[in-house]
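The file start-v1.cif contains mmCIF, C-alpha atoms:
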```
data_start
loop_
_atom_site.label_atom_id
_atom_site.label_comp_id
_atom_site.auth_asym_id
_atom_site.auth_seq_id
_atom_site.Cartn_x
_atom_site.Cartn_y
_atom_site.Cartn_z
CA MET A 152 -92.83 95.15 -159.59
CA LYS A 153 -93.57 92.84 -156.68
CA THR A 154 -89.88 92.77 -155.69
CA LYS A 155 -89.71 96.59 -155.67
CA LEU A 156 -92.81 96.76 -153.49
CA VAL A 157 -91.42 94.21 -151.02
CA ARG A 158 -88.09 96.09 -150.87
CA SER A 159 -89.88 99.39 -150.30
CA PHE A 160 -91.94 97.93 -147.42
CA ALA A 161 -88.82 96.29 -145.95
CA ALA A 162 -86.87 99.57 -146.15
CA PHE A 163 -89.78 101.49 -144.60
CA GLY A 164 -90.12 98.88 -141.86
CA LEU A 165 -86.40 99.02 -141.06
CA LEU A 166 -86.48 102.83 -140.95
CA PHE A 167 -89.52 102.74 -138.65
CA LEU A 168 -87.82 100.19 -136.38
CA LEU A 169 -84.62 102.25 -136.18
CA MET A 170 -86.53 105.43 -135.41
CA GLY A 171 -88.14 103.64 -132.46
CA CYS A 172 -84.74 102.70 -131.01
CA GLY A 173 -84.00 106.04 -129.41
CA GLY A 174 -81.78 104.77 -126.61
CA MET A 175 -81.74 106.14 -123.10
CA LYS A 176 -83.94 109.03 -122.10
CA ILE A 177 -83.09 111.16 -119.08
CA ASP A 178 -86.62 111.00 -117.67
CA ASP A 179 -86.37 107.19 -117.49
CA PHE A 180 -84.18 107.71 -114.39
CA ALA A 181 -86.82 109.62 -112.39
CA GLY A 182 -87.22 108.31 -108.85
CA GLN A 183 -84.01 106.26 -108.93
CA GLU A 184 -81.20 106.60 -106.39
CA PRO A 185 -78.67 107.94 -105.67
CA GLU A 186 -79.47 111.57 -106.55
CA PHE A 187 -76.48 112.62 -108.66
CA ARG A 188 -75.16 116.11 -107.91
CA LEU A 189 -72.01 116.95 -109.83
CA GLU A 190 -71.08 119.71 -107.37
CA GLU A 191 -71.05 117.16 -104.54
CA PHE A 192 -69.60 114.06 -106.21
CA PHE A 193 -66.73 115.87 -107.98
CA LEU A 194 -65.76 118.04 -104.99
CA GLY A 195 -62.18 117.31 -103.95
CA GLU A 196 -60.06 114.61 -105.60
CA THR A 197 -61.37 112.09 -108.13
CA ARG A 198 -59.54 109.63 -110.39
CA ALA A 199 -60.88 108.24 -113.67
CA TRP A 200 -59.76 105.48 -116.01
CA GLY A 201 -60.99 105.30 -119.56
CA TRP A 202 -60.54 104.58 -123.22
CA PHE A 203 -61.68 105.71 -126.65
CA GLU A 204 -62.91 103.02 -129.01
CA ASP A 205 -63.66 103.67 -132.66
CA ARG A 206 -67.02 102.84 -134.25
CA PHE A 207 -65.78 99.33 -135.03
CA GLY A 208 -65.09 98.61 -131.34
CA THR A 209 -61.28 98.87 -131.55
CA VAL A 210 -59.72 100.53 -128.50
CA ARG A 211 -57.59 103.35 -129.92
CA ARG A 212 -56.43 105.08 -126.76
CA ARG A 213 -56.45 104.48 -123.00
CA PHE A 214 -55.95 107.13 -120.32
CA VAL A 215 -56.05 108.05 -116.64
CA VAL A 216 -57.42 111.35 -115.35
CA ASP A 217 -56.67 112.92 -111.98
CA MET A 218 -58.98 115.76 -111.14
CA VAL A 219 -59.65 118.23 -108.36
CA GLY A 220 -63.04 119.88 -108.01
CA THR A 221 -63.86 123.10 -106.20
CA PHE A 222 -67.29 124.67 -105.80
CA GLU A 223 -67.81 128.40 -105.29
CA ASP A 224 -70.67 130.81 -106.08
CA GLY A 225 -72.67 128.15 -107.91
CA VAL A 226 -69.77 127.13 -110.19
CA LEU A 227 -68.02 123.76 -110.09
CA THR A 228 -64.45 123.99 -111.39
CA LEU A 229 -62.90 120.68 -112.46
CA ASP A 230 -59.13 120.79 -112.96
CA GLU A 231 -58.37 117.64 -114.98
CA ASP A 232 -54.94 116.16 -115.78
CA PHE A 233 -54.98 113.43 -118.46
CA VAL A 234 -52.16 110.94 -119.03
CA TYR A 235 -52.57 108.78 -122.16
CA ASP A 236 -51.09 105.32 -122.72
CA ASP A 237 -48.65 106.78 -125.28
CA GLY A 238 -47.28 109.22 -122.65
CA GLU A 239 -49.06 112.32 -123.93
CA GLU A 240 -50.39 114.61 -121.21
CA GLU A 241 -53.29 117.04 -121.42
CA LYS A 242 -54.92 119.53 -119.05
CA ARG A 243 -58.54 120.55 -119.22
CA ILE A 244 -60.40 122.86 -116.86
CA TRP A 245 -64.19 122.74 -116.82
CA ARG A 246 -66.31 125.49 -115.29
CA ILE A 247 -69.79 124.13 -114.72
CA THR A 248 -72.66 126.32 -113.54
CA VAL A 249 -75.42 124.76 -111.45
CA LEU A 250 -78.81 125.92 -112.74
CA PRO A 251 -82.31 125.30 -111.34
CA ASP A 252 -84.20 122.02 -111.85
CA GLY A 253 -81.14 119.76 -112.12
CA ARG A 254 -79.70 121.57 -115.15
CA TYR A 255 -76.04 122.36 -115.76
CA GLU A 256 -74.08 124.47 -118.23
CA GLY A 257 -70.34 124.24 -118.67
CA HIS A 258 -67.38 125.33 -120.69
CA ALA A 259 -63.79 124.18 -121.17
CA GLU A 260 -61.14 124.99 -123.74
CA GLY A 261 -62.14 123.35 -127.01
CA VAL A 262 -65.88 123.40 -126.24
CA VAL A 263 -67.77 125.42 -128.85
CA GLY A 264 -70.38 127.49 -127.03
CA MET A 265 -71.68 125.81 -123.89
CA ALA A 266 -72.19 122.24 -122.83
CA SER A 267 -75.66 121.79 -121.42
CA GLY A 268 -77.44 118.98 -119.67
CA ARG A 269 -79.75 117.81 -116.98
CA VAL A 270 -79.64 115.40 -114.08
CA VAL A 271 -82.56 113.14 -113.20
CA GLY A 272 -82.01 110.65 -110.36
CA PRO A 273 -78.55 109.10 -110.75
CA ALA A 274 -78.07 110.16 -114.40
CA LEU A 275 -76.69 113.18 -116.23
CA ASN A 276 -77.11 113.58 -119.98
CA TRP A 277 -75.11 116.39 -121.41
CA THR A 278 -74.24 117.41 -124.93
CA TYR A 279 -71.71 119.70 -126.48
CA THR A 280 -69.68 120.47 -129.58
CA PHE A 281 -65.92 120.15 -129.27
CA ASP A 282 -62.93 121.10 -131.45
CA LEU A 283 -60.92 117.87 -131.23
CA PRO A 284 -57.24 117.94 -132.28
CA VAL A 285 -56.53 114.99 -134.60
CA GLY A 286 -52.92 115.02 -135.80
CA ASP A 287 -52.28 118.38 -137.46
CA ARG A 288 -55.99 119.07 -137.94
CA THR A 289 -58.98 119.90 -135.78
CA TRP A 290 -62.29 118.10 -136.15
CA ARG A 291 -65.47 119.70 -134.87
CA VAL A 292 -67.33 116.83 -133.22
CA HIS A 293 -70.45 116.37 -131.11
CA PHE A 294 -70.49 114.62 -127.71
CA ASP A 295 -73.63 112.94 -126.34
CA ASP A 296 -72.39 112.31 -122.83
CA TRP A 297 -74.07 110.14 -120.16
CA MET A 298 -72.86 109.86 -116.56
CA ILE A 299 -74.58 107.50 -114.14
CA GLN A 300 -73.72 107.47 -110.44
CA GLN A 301 -73.55 103.92 -109.13
CA ASP A 302 -72.93 104.65 -105.44
CA ASP A 303 -71.13 107.19 -103.22
CA GLU A 304 -67.76 106.42 -104.81
CA VAL A 305 -68.33 105.45 -108.48
CA VAL A 306 -69.69 107.18 -111.59
CA ILE A 307 -69.66 105.49 -115.00
CA ASN A 308 -69.50 107.69 -118.10
CA ARG A 309 -70.21 106.89 -121.76
CA ALA A 310 -69.92 109.56 -124.43
CA VAL A 311 -70.75 108.93 -128.08
CA VAL A 312 -68.61 111.08 -130.38
CA SER A 313 -70.05 111.93 -133.79
CA LYS A 314 -69.47 114.18 -136.78
CA TRP A 315 -72.25 115.08 -139.23
CA GLY A 316 -74.47 112.56 -137.43
CA ILE A 317 -72.05 109.68 -138.05
CA THR A 318 -70.67 107.96 -134.94
CA LEU A 319 -66.87 108.13 -134.82
CA GLY A 320 -66.49 106.27 -131.55
CA THR A 321 -67.24 106.08 -127.87
CA VAL A 322 -65.43 107.27 -124.77
CA ILE A 323 -65.87 105.11 -121.66
CA LEU A 324 -64.78 106.41 -118.23
CA PHE A 325 -65.01 105.11 -114.66
CA PHE A 326 -64.73 107.81 -111.97
CA LYS A 327 -63.77 106.75 -108.43
CA LYS A 328 -63.54 108.80 -105.25
CA PRO A 329 -60.76 107.90 -102.78
CA GLU A 330 -61.69 105.93 -99.65
CA GLY A 331 -63.03 108.16 -96.89
CA TRP A 332 -63.52 111.18 -99.15
CA GLN A 333 -66.80 112.26 -97.55
CA GLU A 334 -65.35 112.22 -94.04
CA ALA A 335 -62.32 114.23 -95.22
CA LEU A 336 -64.58 116.89 -96.76
CA GLU A 337 -66.70 117.10 -93.61
CA GLU A 338 -63.58 117.55 -91.48
CA ALA A 339 -62.25 120.25 -93.81
CA ALA A 340 -65.57 122.12 -93.60
CA GLU A 341 -65.43 122.28 -89.77
#
```

How would this structure read if it were set down as structure tokens?
Amino acid sequence: MKTKLVRSFAAFGLLFLLMGCGGMKIDDFAGQEPEFRLEEFFLGETRAWGWFEDRFGTVRRRFVVDMVGTFEDGVLTLDEDFVYDDGEEEKRIWRITVLPDGRYEGHAEGVVGMASGRVVGPALNWTYTFDLPVGDRTWRVHFDDWMIQQDDEVVINRAVVSKWGITLGTVILFFKKPEGWQEALEEAAE
């Protein structure tokens, strides 16, 4: 009886501890710099390098993404070209609407419904459901996506991919603007 009681308290304590480990919260970034604006950072050319690692930490796939962003009538369009380490290529086009109060909504092929998120300070947290091709099948997965702007030229992205609440893996990306990108945009605007 004593052993059952100790196990029950231990299990309850562990559950309580895990519930308290909620991870990052978007409001924790209030007042921090730089102010991340997707429609500004992703305007023009951007390159990203990344990988997908499974839930055991094994890198399963690496890739490079070249993207071009345009902004018109409150919509950021990101034209993304992926090249994977196995030679596969993929194109994805995001259309992201800028909403009031640092909120964004977006859609791309494969996204079920709309992606939605919010920026506070240098951070964006955005979530969406995605139909992910896996071999001959399609898995409906959930993305909990965090982007944090480091400076004028770098954004780091981490997205946890899950299905039925079970983590399948993590996508890590590093976005970099080309040297002199702000000056080039200012000249083009003149």

Residue among A:Glu240, A:Glu186, A:Asp178, A:Asp205 lying closest to Ile299 of chain A, counting all atoms listed in the file: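 Nearest candidate to Ile299 of chain A out of A:Glu240, A:Glu186, A:Asp178, A:Asp205: A:Glu186.
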
Option closest in space to Gln301 of chain A, from A:Gly174, A:Pro185, A:Gly316, A:Gly225 [counting all atoms listed in the file]: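 Closest candidate: A:Pro185.
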
Computed interatomic separation between atom CA of Val249 of chain A and atom CA of Gly195 of chain A (Å): 16.9 Å

Hits from the PyMOL selection byres ((chain A and resi 259) around 8), listed as a PyMOL selection string: chain A and resi 243-246+257-258+260-262

Output of the PyMOL selection byres ((chain A and resi 223) around 12), listed as a PyMOL selection string: chain A and resi 190-191+194+220-222+224-229+246-249

Nearest candidate to Met175 of chain A (options A:Leu283, A:Val306, A:Val322, A:Leu275; using only C-alpha atoms): A:Leu275

Distance query Gly238 of chain A at most 12 Å, only C-alpha atoms, self and fewer than 6 positions along chain excluded, as a list in words: Arg212, Arg213, Phe214 and Val215 of chain A

Save the residues we just selected, C-alpha atoms, as an mmCIF file, keeping the file's coordinate frame?
```cif
data_model
loop_
_atom_site.group_PDB
_atom_site.id
_atom_site.type_symbol
_atom_site.label_atom_id
_atom_site.label_comp_id
_atom_site.auth_asym_id
_atom_site.auth_seq_id
_atom_site.Cartn_x
_atom_site.Cartn_y
_atom_site.Cartn_z
ATOM 1 C CA ARG A 212 -56.430 105.080 -126.760
ATOM 2 C CA ARG A 213 -56.450 104.480 -123.000
ATOM 3 C CA PHE A 214 -55.950 107.130 -120.320
ATOM 4 C CA VAL A 215 -56.050 108.050 -116.640
#
```

Residues matched by the PyMOL selection byres ((chain A and resi 179) around 12) as a list in words: Gly174, Met175, Lys176, Ile177, Asp178, Phe180, Ala181, Gly182, Gln183, Val270, Val271, Gly272, Pro273, Ala274, Leu275 and Asn276 of chain A

Written file, previous selection with C-alpha atoms, as a PDB file, in the frame of the given file:
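The resulting part-v3.pdb:
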```pdb
ATOM      1  CA  GLY A 174     -81.780 104.770-126.610  1.00  0.00           C
ATOM      2  CA  MET A 175     -81.740 106.140-123.100  1.00  0.00           C
ATOM      3  CA  LYS A 176     -83.940 109.030-122.100  1.00  0.00           C
ATOM      4  CA  ILE A 177     -83.090 111.160-119.080  1.00  0.00           C
ATOM      5  CA  ASP A 178     -86.620 111.000-117.670  1.00  0.00           C
ATOM      6  CA  PHE A 180     -84.180 107.710-114.390  1.00  0.00           C
ATOM      7  CA  ALA A 181     -86.820 109.620-112.390  1.00  0.00           C
ATOM      8  CA  GLY A 182     -87.220 108.310-108.850  1.00  0.00           C
ATOM      9  CA  GLN A 183     -84.010 106.260-108.930  1.00  0.00           C
ATOM     10  CA  VAL A 270     -79.640 115.400-114.080  1.00  0.00           C
ATOM     11  CA  VAL A 271     -82.560 113.140-113.200  1.00  0.00           C
ATOM     12  CA  GLY A 272     -82.010 110.650-110.360  1.00  0.00           C
ATOM     13  CA  PRO A 273     -78.550 109.100-110.750  1.00  0.00           C
ATOM     14  CA  ALA A 274     -78.070 110.160-114.400  1.00  0.00           C
ATOM     15  CA  LEU A 275     -76.690 113.180-116.230  1.00  0.00           C
ATOM     16  CA  ASN A 276     -77.110 113.580-119.980  1.00  0.00           C
TER      17      ASN A 276
END
```

Counting all atoms listed in the file, the option among A:Ala199, A:Arg269, A:Arg211, A:Leu250 closest to Asp232 of chain A: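 Of all the options, A:Ala199 lies closest to Asp232 of chain A.
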
All residues 9 Å or closer to Val216 of chain A, all atoms listed in the file, same chain fewer than 4 positions away omitted, as a PyMOL selection string: chain A and resi 197-201+231-235+326

Atom CA of Phe193 of chain A to atom CA of Asp295 of chain A, straight-line distance in Å: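 Result for atom CA of Asp295 of chain A versus atom CA of Phe193 of chain A: 19.8 Å, one decimal.
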
Return as JSON the centre and edge lengths, in Å with one decimal, of the box along x, y and z that encloses every atom of segment 275-294 of chain A in the file, padded by 6 Å per side.
```
{"center_x": -64.7, "center_y": 117.1, "center_z": -127.1, "size_x": 36.8, "size_y": 19.9, "size_z": 33.7}
```

Atom CA of Gly286 of chain A to atom CA of Thr318 of chain A, straight-line distance in Å: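 Distance reported for this atom pair: 19.1 Å.
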
Shell around Val312 of chain A at 7 Å using only C-alpha atoms, local window under 6 positions removed, as a ChimeraX atom specification: /A:292-295,318-321

Pick from A:Thr209, A:Thr278, A:Asn308, A:Thr289, whichever lies nearest to Ile323 of chain A using only C-alpha atoms: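 Checking each of A:Thr209, A:Thr278, A:Asn308, A:Thr289 against Ile323 of chain A, counting only C-alpha atoms, the winner is A:Asn308.
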